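Right, one structure below, let's go through it.
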Amino acid sequence: MRNEALQAAAGRQAQFGWIERNEYQQCMGGAGYAVEGFNAPEVAQSRFGQYRTGAEAPSAPEAQMALADFRCQQQIGLVDRLRDKYSEVAASWVLANAGRLRVWAVHMSDATRRAERVAGR
């Protein structure tokens with residue numbers, strides 16, 4: 001069960017709020033899947049084995065878990081919350097590095113002007 005949203009959330013659990021983890025965990029628990037935080041891929045692997053190869057269809061129980069996962073992600077708005085969290089992190093980084101970015105922009109502008117002169121533009 002490959003799931004980019006869950007992998008991103010799991011990778012950012014320290015930054016991502018306990019509310020989202022608990023909401024997802026409770027939703028999955030209500031659907032019959034004992035997950036801790038965002039570890040549904042690990043639970044699926046332990047239940048169903050290594051991921052299938054080729055065009056092999058998932059088993060009915062695996063498909064049911066995938067559907068529960070999808071519904072729980074939708075219910076708590078996981079993708080939107082991840083996008084918002086990434087935006088916060090990116091904005092913080094940009095603000096913390098604004099001076100370096102300005103210097104980089106000047107260097108890039110100078111390099112572009114030199115390259116245009118060399119190219120005869």
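Going through the structure tokens in order, the chains are called A, B, and so on, while each chain numbers its residues from 1 and the ligands are numbered from 1 in the order shown.
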
Surrounding residues of region 64-73 of chain A excluding itself and chain neighbours under 2 positions, 8 Å, only C-alpha atoms, as a VMD selection string:
chain A and resid 1 24 27 to 28 31 33 40 44 60 to 62 75 to 79

Could you turn the residues from that selection into a file that holds C-alpha atoms, as a PDB file, in the first residue's frame?
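Below is the file that was written, selection_27.pdb:
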```pdb
ATOM      1  CA  MET A   1       0.000   0.000   0.000  1.00  0.00           C
ATOM      2  CA  TYR A  24      -6.879   9.518  11.457  1.00  0.00           C
ATOM      3  CA  CYS A  27     -11.200   6.862  11.946  1.00  0.00           C
ATOM      4  CA  MET A  28      -9.127   3.844  10.939  1.00  0.00           C
ATOM      5  CA  ALA A  31     -13.128   0.932  10.341  1.00  0.00           C
ATOM      6  CA  TYR A  33      -7.779  -1.190  11.554  1.00  0.00           C
ATOM      7  CA  ALA A  40      -1.328   2.290   7.797  1.00  0.00           C
ATOM      8  CA  ALA A  44      -1.034  -3.228   5.537  1.00  0.00           C
ATOM      9  CA  ALA A  60     -10.509  -8.002  -1.173  1.00  0.00           C
ATOM     10  CA  PRO A  61      -9.291  -7.352   2.409  1.00  0.00           C
ATOM     11  CA  GLU A  62      -6.431  -5.179   1.121  1.00  0.00           C
ATOM     12  CA  GLN A  75     -12.719  12.811   6.334  1.00  0.00           C
ATOM     13  CA  ILE A  76      -9.915  14.591   8.177  1.00  0.00           C
ATOM     14  CA  GLY A  77      -8.759  16.610   5.150  1.00  0.00           C
ATOM     15  CA  LEU A  78      -5.257  15.141   5.313  1.00  0.00           C
ATOM     16  CA  VAL A  79      -4.042  16.353   1.913  1.00  0.00           C
TER      17      VAL A  79
END
```

DSSP says alpha helix (DSSP H) for which residues of chain A? Put them as a ChimeraX atom specification?
/A:4-11,18-30,40-48,60-76,78-96,98-119
